[in-house]
Amino acid sequence: MAVLTPEPPTVPLSAPRHALAPPRRSRTAVLVAAAIGFAGAFVVAYLLFVRTEAGQRAEDGVVRFAQGLPRSTVDWARPLAGIDGVEVFGAAGIVIVAFAVLRKRFALGVTALVLYLLPLAAAQLLKIYLLDRPDVGSSGAPHHNSFPSGHVSAATAVLLALAVVLPARFRTWVLAVGAPGVAWVAAATVALSWHRLSDTVGACLLVAAVVSAGAAVVSARRPDGSRIPPVRTAIALLGPTAVVLGGYAVLSSATSVPARFVAALVLAALSAGAVVLLAAGPLRRVNFDPSGARNRLSGGS
């Protein structure tokens with residue numbers, strides 16, 4: 001007597017291929033994590049360096065040392081003193097709009113210009129009106145409000161706005177090539193005694209937070225994946241704070257004022273570069289064009 005067994009169900013040959021594929025990674029989730037991570041690190045930098053006696057003591061010695069250096073010692077930083085900030089950064093805004101016009105992406109130009117100007121306005125508002133520097137250390141160094149740095153904010157904003165307005169396939173290269181320029185501006189402001197290390201790091205973090213938040217808003221309006229990539233999300237969320245804590249640990253552990261000055265210069269440059277590169281990953285494939293135009297080669301703006 002034969003026993004009949006049911007055949008296992010088969011997947012129809014006509015079943016769509018994407019039905020069996022794992023869900024795509026969510027770029028918006030990583031961008032939101034990056035915005036939170038940069039903003040959180042900005043707060044940590046302010047509280048650690050500006051609002052504590054240990055943080056002020058570590059940085060005030062650097063300021064006094066830089067003020068007493070011979071001019072020839074920081075000749076490499078002097079070109080920054082000769083730059084007219086209004087003219088240069090105004091010209092940068094014109095260049096950003098010009099790139100958008102050449103690409104016939106007018107809405108993209110407006111987006112890039114907003115993401116350029118918004119962090120600059122935020123930096124000035126925070127520095128002048130909101131983030132005071134209390135004299136908790138009584139070190140005798142100048143205690144006027146200087147967090148975050150306007151020069152470093154502007155340099156970072158120029159670079160990120162250019163990355164937004166250029167084709168997405170060039171974005172990572174633009175950020176990688178431009179990061180040393182931002183690093184030089186950060187180190188130069190410390191060498192010229194204009195700013196402390198925390199001012200430069202805070203400036204980069206603020207701009208990165210604003211641009212990442214804007215990118216998250218743009219990304220959320222487009223089709224996106226549902227899977228949250230754990231490693232990329234963790235790096236975006238925790239990486240910026242790791243940069244701040246590492247800089248604080250190194251600067252605080254320097255045993256002499258000259259060593260602390262050198263450490264502040266190196267840390268300003270490295271931290272600026274690190275923040276730019278941390279922003280590069282989440283921003284890499286975001287289509288910033290509100291009109292919906294896409295680049296066929298890169299899948300982005």
# chains A, B, ... in the order shown; residues from 1 in each chain; ligands from 1

call {"tool": "closest_atom_pairs", "arguments": {"of": "segment 201-294 of chain A", "to": "segment 67-86 of chain A", "cutoff": "12 Å", "atoms": "only C-alpha atoms", "output": "tab-separated table"}}
result
residue	atom	partner	partner_atom	distance
A:Val257	CA	A:Gly68	CA	11.9
A:Pro258	CA	A:Leu69	CA	10.5
A:Phe261	CA	A:Leu69	CA	10.8
A:Val262	CA	A:Val74	CA	11.7
A:Leu265	CA	A:Ala77	CA	10.9

call {"tool": "select_by_dssp", "arguments": {"residues": "segment 17-211 of chain A", "states": "helix (DSSP H, G or I)", "output": "VMD selection string"}}
result
chain A and resid 17 to 19 27 to 50 53 to 67 71 to 81 85 to 102 106 to 130 150 to 165 168 to 191 197 to 211

call {"tool": "closest_residue", "arguments": {"among": "A:Pro180, A:Pro148, A:Gly246, A:Pro229", "to": "Leu277 of chain A", "atoms": "only C-alpha atoms"}}
result
A:Pro180

call {"tool": "closest_atom_pairs", "arguments": {"of": "segment 34-147 of chain A", "to": "segment 191-210 of chain A", "cutoff": "8 Å", "atoms": "only C-alpha atoms", "output": "tab-separated table"}}
result
residue	atom	partner	partner_atom	distance
A:Ala34	CA	A:Ala209	CA	7.1
A:Ala35	CA	A:Ala209	CA	4.5
A:Ile36	CA	A:Ala209	CA	7.1
A:Gly37	CA	A:Ala209	CA	7.7
A:Phe38	CA	A:Ala209	CA	4.9
A:Ala39	CA	A:Ala209	CA	5.4
A:Ala41	CA	A:Leu205	CA	7.1
A:Phe42	CA	A:Gly202	CA	5.3
A:Ala45	CA	A:Ser198	CA	6.3
A:Tyr46	CA	A:Ser198	CA	7.3
A:Phe49	CA	A:Ser198	CA	6.3
A:Val50	CA	A:Ser198	CA	7.8
A:Glu59	CA	A:Arg196	CA	6.2
A:Asp60	CA	A:Arg196	CA	7.8
A:Val62	CA	A:Arg196	CA	7.6
A:Val63	CA	A:Ser193	CA	5.4
A:Arg64	CA	A:Ser193	CA	7.8
A:Ala66	CA	A:Ser193	CA	5.3
A:Gln67	CA	A:Ser193	CA	5.8
A:Val74	CA	A:Ala191	CA	6.4
A:Ala77	CA	A:Ala191	CA	6.8
A:Arg78	CA	A:Leu192	CA	7.7
A:Leu115	CA	A:Val210	CA	7.2
A:Leu118	CA	A:Val210	CA	7.6
A:Pro119	CA	A:Val207	CA	5.2
A:Leu120	CA	A:Val207	CA	7.8
A:Ala123	CA	A:Ala203	CA	7.1
A:Ser146	CA	A:Asp199	CA	6.4
A:Phe147	CA	A:Asp199	CA	4.6

call {"tool": "closest_residue", "arguments": {"among": "A:Val164, A:Ala254, A:Leu126, A:Ala58", "to": "Ala107 of chain A", "atoms": "only C-alpha atoms"}}
result
A:Val164

call {"tool": "residues_around", "arguments": {"residues": "segment 212-228 of chain A", "least_positions_apart": "3", "cutoff": "7 Å", "atoms": "only C-alpha atoms", "output": "list of chain:residue names"}}
result
A:Pro23, A:Arg24, A:Arg25, A:Ser26, A:Arg27, A:Thr28, A:Ala29, A:Leu31, A:Val32, A:Ala34, A:Ala35, A:Ala208, A:Ala209, A:Val286, A:Phe288

call {"tool": "closest_residue", "arguments": {"among": "A:Pro134, A:Ala168, A:Phe89, A:Asn287", "to": "Leu117 of chain A", "atoms": "only C-alpha atoms"}}
result
A:Phe89

call {"tool": "residues_around", "arguments": {"residues": "Gly247 of chain A", "least_positions_apart": "2", "cutoff": "9 Å", "atoms": "only C-alpha atoms", "output": "list in words"}}
result
Leu197, Ser198, Ala242, Val243, Val244, Leu245, Ala249, Val250, Leu251, Ser252, Ala263, Ala264, Leu267, Ala268 and Ser271 of chain A

call {"tool": "decode", "arguments": {"residues": "segment 99-244 of chain A", "atoms": "C-alpha atoms", "output": "PDB file, in the first residue's frame"}}
result
ATOM      1  CA  PHE A  99      28.059  75.429  -8.377  1.00  0.00           C
ATOM      2  CA  ALA A 100      24.312  74.912  -7.986  1.00  0.00           C
ATOM      3  CA  VAL A 101      23.577  77.199 -10.937  1.00  0.00           C
ATOM      4  CA  LEU A 102      26.132  75.411 -13.129  1.00  0.00           C
ATOM      5  CA  ARG A 103      24.517  72.091 -12.246  1.00  0.00           C
ATOM      6  CA  LYS A 104      21.027  73.578 -12.813  1.00  0.00           C
ATOM      7  CA  ARG A 105      20.068  72.508  -9.294  1.00  0.00           C
ATOM      8  CA  PHE A 106      18.661  75.720  -7.841  1.00  0.00           C
ATOM      9  CA  ALA A 107      16.838  74.021  -4.952  1.00  0.00           C
ATOM     10  CA  LEU A 108      20.046  72.220  -4.065  1.00  0.00           C
ATOM     11  CA  GLY A 109      21.857  75.554  -3.970  1.00  0.00           C
ATOM     12  CA  VAL A 110      19.315  76.932  -1.507  1.00  0.00           C
ATOM     13  CA  THR A 111      19.712  73.847   0.695  1.00  0.00           C
ATOM     14  CA  ALA A 112      23.504  74.111   0.655  1.00  0.00           C
ATOM     15  CA  LEU A 113      23.367  77.832   1.415  1.00  0.00           C
ATOM     16  CA  VAL A 114      21.045  77.262   4.390  1.00  0.00           C
ATOM     17  CA  LEU A 115      23.315  74.526   5.744  1.00  0.00           C
ATOM     18  CA  TYR A 116      26.235  76.941   5.302  1.00  0.00           C
ATOM     19  CA  LEU A 117      24.696  79.957   7.022  1.00  0.00           C
ATOM     20  CA  LEU A 118      22.707  78.255   9.785  1.00  0.00           C
ATOM     21  CA  PRO A 119      25.694  76.885  11.760  1.00  0.00           C
ATOM     22  CA  LEU A 120      27.516  80.226  11.382  1.00  0.00           C
ATOM     23  CA  ALA A 121      24.566  82.051  12.905  1.00  0.00           C
ATOM     24  CA  ALA A 122      24.257  79.410  15.627  1.00  0.00           C
ATOM     25  CA  ALA A 123      27.954  79.715  16.498  1.00  0.00           C
ATOM     26  CA  GLN A 124      27.735  83.483  16.925  1.00  0.00           C
ATOM     27  CA  LEU A 125      24.516  83.276  18.929  1.00  0.00           C
ATOM     28  CA  LEU A 126      25.931  80.653  21.275  1.00  0.00           C
ATOM     29  CA  LYS A 127      29.298  82.355  21.695  1.00  0.00           C
ATOM     30  CA  ILE A 128      28.066  85.885  22.267  1.00  0.00           C
ATOM     31  CA  TYR A 129      24.829  85.395  24.168  1.00  0.00           C
ATOM     32  CA  LEU A 130      24.427  81.921  25.629  1.00  0.00           C
ATOM     33  CA  LEU A 131      27.648  80.060  26.441  1.00  0.00           C
ATOM     34  CA  ASP A 132      29.500  82.140  28.989  1.00  0.00           C
ATOM     35  CA  ARG A 133      32.929  81.279  30.389  1.00  0.00           C
ATOM     36  CA  PRO A 134      32.826  81.666  34.181  1.00  0.00           C
ATOM     37  CA  ASP A 135      36.098  82.378  35.961  1.00  0.00           C
ATOM     38  CA  VAL A 136      36.169  79.214  38.056  1.00  0.00           C
ATOM     39  CA  GLY A 137      39.931  78.722  37.893  1.00  0.00           C
ATOM     40  CA  SER A 138      41.163  82.235  38.730  1.00  0.00           C
ATOM     41  CA  SER A 139      44.131  81.690  36.416  1.00  0.00           C
ATOM     42  CA  GLY A 140      44.404  85.228  35.122  1.00  0.00           C
ATOM     43  CA  ALA A 141      43.844  84.232  31.486  1.00  0.00           C
ATOM     44  CA  PRO A 142      41.229  86.092  29.405  1.00  0.00           C
ATOM     45  CA  HIS A 143      37.771  84.768  30.182  1.00  0.00           C
ATOM     46  CA  HIS A 144      35.655  86.386  27.479  1.00  0.00           C
ATOM     47  CA  ASN A 145      33.180  84.123  25.688  1.00  0.00           C
ATOM     48  CA  SER A 146      34.988  82.267  22.921  1.00  0.00           C
ATOM     49  CA  PHE A 147      33.199  78.906  22.622  1.00  0.00           C
ATOM     50  CA  PRO A 148      32.779  77.959  19.800  1.00  0.00           C
ATOM     51  CA  SER A 149      35.310  79.511  17.409  1.00  0.00           C
ATOM     52  CA  GLY A 150      33.818  81.584  14.599  1.00  0.00           C
ATOM     53  CA  HIS A 151      36.801  81.040  12.283  1.00  0.00           C
ATOM     54  CA  VAL A 152      36.732  77.260  12.652  1.00  0.00           C
ATOM     55  CA  SER A 153      32.939  77.202  12.353  1.00  0.00           C
ATOM     56  CA  ALA A 154      33.199  79.084   9.071  1.00  0.00           C
ATOM     57  CA  ALA A 155      35.959  76.869   7.680  1.00  0.00           C
ATOM     58  CA  THR A 156      34.030  73.707   8.549  1.00  0.00           C
ATOM     59  CA  ALA A 157      30.773  75.128   7.168  1.00  0.00           C
ATOM     60  CA  VAL A 158      32.424  76.046   3.862  1.00  0.00           C
ATOM     61  CA  LEU A 159      33.786  72.527   3.450  1.00  0.00           C
ATOM     62  CA  LEU A 160      30.555  70.729   4.313  1.00  0.00           C
ATOM     63  CA  ALA A 161      28.458  73.064   2.153  1.00  0.00           C
ATOM     64  CA  LEU A 162      30.738  72.378  -0.816  1.00  0.00           C
ATOM     65  CA  ALA A 163      30.330  68.657  -0.182  1.00  0.00           C
ATOM     66  CA  VAL A 164      26.552  69.128  -0.217  1.00  0.00           C
ATOM     67  CA  VAL A 165      26.357  71.103  -3.452  1.00  0.00           C
ATOM     68  CA  LEU A 166      28.832  69.000  -5.474  1.00  0.00           C
ATOM     69  CA  PRO A 167      27.856  65.616  -6.976  1.00  0.00           C
ATOM     70  CA  ALA A 168      27.648  62.881  -4.342  1.00  0.00           C
ATOM     71  CA  ARG A 169      30.348  60.806  -6.038  1.00  0.00           C
ATOM     72  CA  PHE A 170      32.835  63.577  -5.181  1.00  0.00           C
ATOM     73  CA  ARG A 171      31.608  64.155  -1.620  1.00  0.00           C
ATOM     74  CA  THR A 172      33.997  61.881   0.261  1.00  0.00           C
ATOM     75  CA  TRP A 173      36.958  63.147  -1.750  1.00  0.00           C
ATOM     76  CA  VAL A 174      36.040  66.779  -1.114  1.00  0.00           C
ATOM     77  CA  LEU A 175      35.815  66.176   2.629  1.00  0.00           C
ATOM     78  CA  ALA A 176      39.043  64.177   2.728  1.00  0.00           C
ATOM     79  CA  VAL A 177      40.984  66.814   0.774  1.00  0.00           C
ATOM     80  CA  GLY A 178      39.439  69.724   2.679  1.00  0.00           C
ATOM     81  CA  ALA A 179      39.899  68.268   6.165  1.00  0.00           C
ATOM     82  CA  PRO A 180      43.580  69.348   6.389  1.00  0.00           C
ATOM     83  CA  GLY A 181      42.510  72.934   5.617  1.00  0.00           C
ATOM     84  CA  VAL A 182      40.043  72.940   8.500  1.00  0.00           C
ATOM     85  CA  ALA A 183      42.723  71.352  10.693  1.00  0.00           C
ATOM     86  CA  TRP A 184      45.158  74.171   9.834  1.00  0.00           C
ATOM     87  CA  VAL A 185      42.596  76.848  10.700  1.00  0.00           C
ATOM     88  CA  ALA A 186      41.896  75.138  14.035  1.00  0.00           C
ATOM     89  CA  ALA A 187      45.576  74.853  14.960  1.00  0.00           C
ATOM     90  CA  ALA A 188      46.318  78.400  13.764  1.00  0.00           C
ATOM     91  CA  THR A 189      43.657  79.956  15.983  1.00  0.00           C
ATOM     92  CA  VAL A 190      45.254  78.231  18.979  1.00  0.00           C
ATOM     93  CA  ALA A 191      48.783  79.270  17.947  1.00  0.00           C
ATOM     94  CA  LEU A 192      47.693  82.901  17.568  1.00  0.00           C
ATOM     95  CA  SER A 193      46.083  82.763  21.055  1.00  0.00           C
ATOM     96  CA  TRP A 194      42.693  83.586  19.559  1.00  0.00           C
ATOM     97  CA  HIS A 195      41.035  80.421  20.810  1.00  0.00           C
ATOM     98  CA  ARG A 196      41.413  77.439  23.060  1.00  0.00           C
ATOM     99  CA  LEU A 197      41.389  73.819  21.942  1.00  0.00           C
ATOM    100  CA  SER A 198      37.799  73.366  23.103  1.00  0.00           C
ATOM    101  CA  ASP A 199      36.666  76.351  21.019  1.00  0.00           C
ATOM    102  CA  THR A 200      37.970  74.725  17.840  1.00  0.00           C
ATOM    103  CA  VAL A 201      36.571  71.277  18.606  1.00  0.00           C
ATOM    104  CA  GLY A 202      33.207  72.748  19.585  1.00  0.00           C
ATOM    105  CA  ALA A 203      33.033  74.689  16.331  1.00  0.00           C
ATOM    106  CA  CYS A 204      33.552  71.576  14.200  1.00  0.00           C
ATOM    107  CA  LEU A 205      31.044  69.611  16.256  1.00  0.00           C
ATOM    108  CA  LEU A 206      28.391  72.314  15.985  1.00  0.00           C
ATOM    109  CA  VAL A 207      28.610  72.550  12.198  1.00  0.00           C
ATOM    110  CA  ALA A 208      28.633  68.767  11.815  1.00  0.00           C
ATOM    111  CA  ALA A 209      25.564  68.480  14.063  1.00  0.00           C
ATOM    112  CA  VAL A 210      23.579  71.063  12.077  1.00  0.00           C
ATOM    113  CA  VAL A 211      24.485  69.576   8.681  1.00  0.00           C
ATOM    114  CA  SER A 212      23.790  66.014   9.874  1.00  0.00           C
ATOM    115  CA  ALA A 213      20.394  67.090  11.248  1.00  0.00           C
ATOM    116  CA  GLY A 214      19.565  68.786   7.934  1.00  0.00           C
ATOM    117  CA  ALA A 215      20.648  65.672   6.052  1.00  0.00           C
ATOM    118  CA  ALA A 216      18.432  63.518   8.282  1.00  0.00           C
ATOM    119  CA  VAL A 217      15.408  65.700   7.477  1.00  0.00           C
ATOM    120  CA  VAL A 218      16.114  65.460   3.740  1.00  0.00           C
ATOM    121  CA  SER A 219      16.759  61.713   3.919  1.00  0.00           C
ATOM    122  CA  ALA A 220      13.557  61.014   5.868  1.00  0.00           C
ATOM    123  CA  ARG A 221      11.500  62.409   2.984  1.00  0.00           C
ATOM    124  CA  ARG A 222      12.793  59.742   0.578  1.00  0.00           C
ATOM    125  CA  PRO A 223      12.444  55.938   0.438  1.00  0.00           C
ATOM    126  CA  ASP A 224      14.797  54.384   2.943  1.00  0.00           C
ATOM    127  CA  GLY A 225      15.731  51.038   4.436  1.00  0.00           C
ATOM    128  CA  SER A 226      14.351  49.695   7.696  1.00  0.00           C
ATOM    129  CA  ARG A 227      17.424  47.953   9.134  1.00  0.00           C
ATOM    130  CA  ILE A 228      19.544  50.000  11.557  1.00  0.00           C
ATOM    131  CA  PRO A 229      23.236  49.158  11.021  1.00  0.00           C
ATOM    132  CA  PRO A 230      24.617  48.697  14.549  1.00  0.00           C
ATOM    133  CA  VAL A 231      28.297  49.447  13.906  1.00  0.00           C
ATOM    134  CA  ARG A 232      27.773  52.556  11.804  1.00  0.00           C
ATOM    135  CA  THR A 233      25.116  53.842  14.172  1.00  0.00           C
ATOM    136  CA  ALA A 234      27.331  53.282  17.224  1.00  0.00           C
ATOM    137  CA  ILE A 235      30.268  55.066  15.577  1.00  0.00           C
ATOM    138  CA  ALA A 236      28.047  57.998  14.601  1.00  0.00           C
ATOM    139  CA  LEU A 237      26.605  58.220  18.098  1.00  0.00           C
ATOM    140  CA  LEU A 238      29.731  57.684  20.210  1.00  0.00           C
ATOM    141  CA  GLY A 239      32.636  58.657  17.948  1.00  0.00           C
ATOM    142  CA  PRO A 240      32.382  62.449  18.458  1.00  0.00           C
ATOM    143  CA  THR A 241      32.345  62.156  22.250  1.00  0.00           C
ATOM    144  CA  ALA A 242      35.350  59.833  22.069  1.00  0.00           C
ATOM    145  CA  VAL A 243      37.223  62.589  20.211  1.00  0.00           C
ATOM    146  CA  VAL A 244      36.387  65.113  22.949  1.00  0.00           C
TER     147      VAL A 244
END
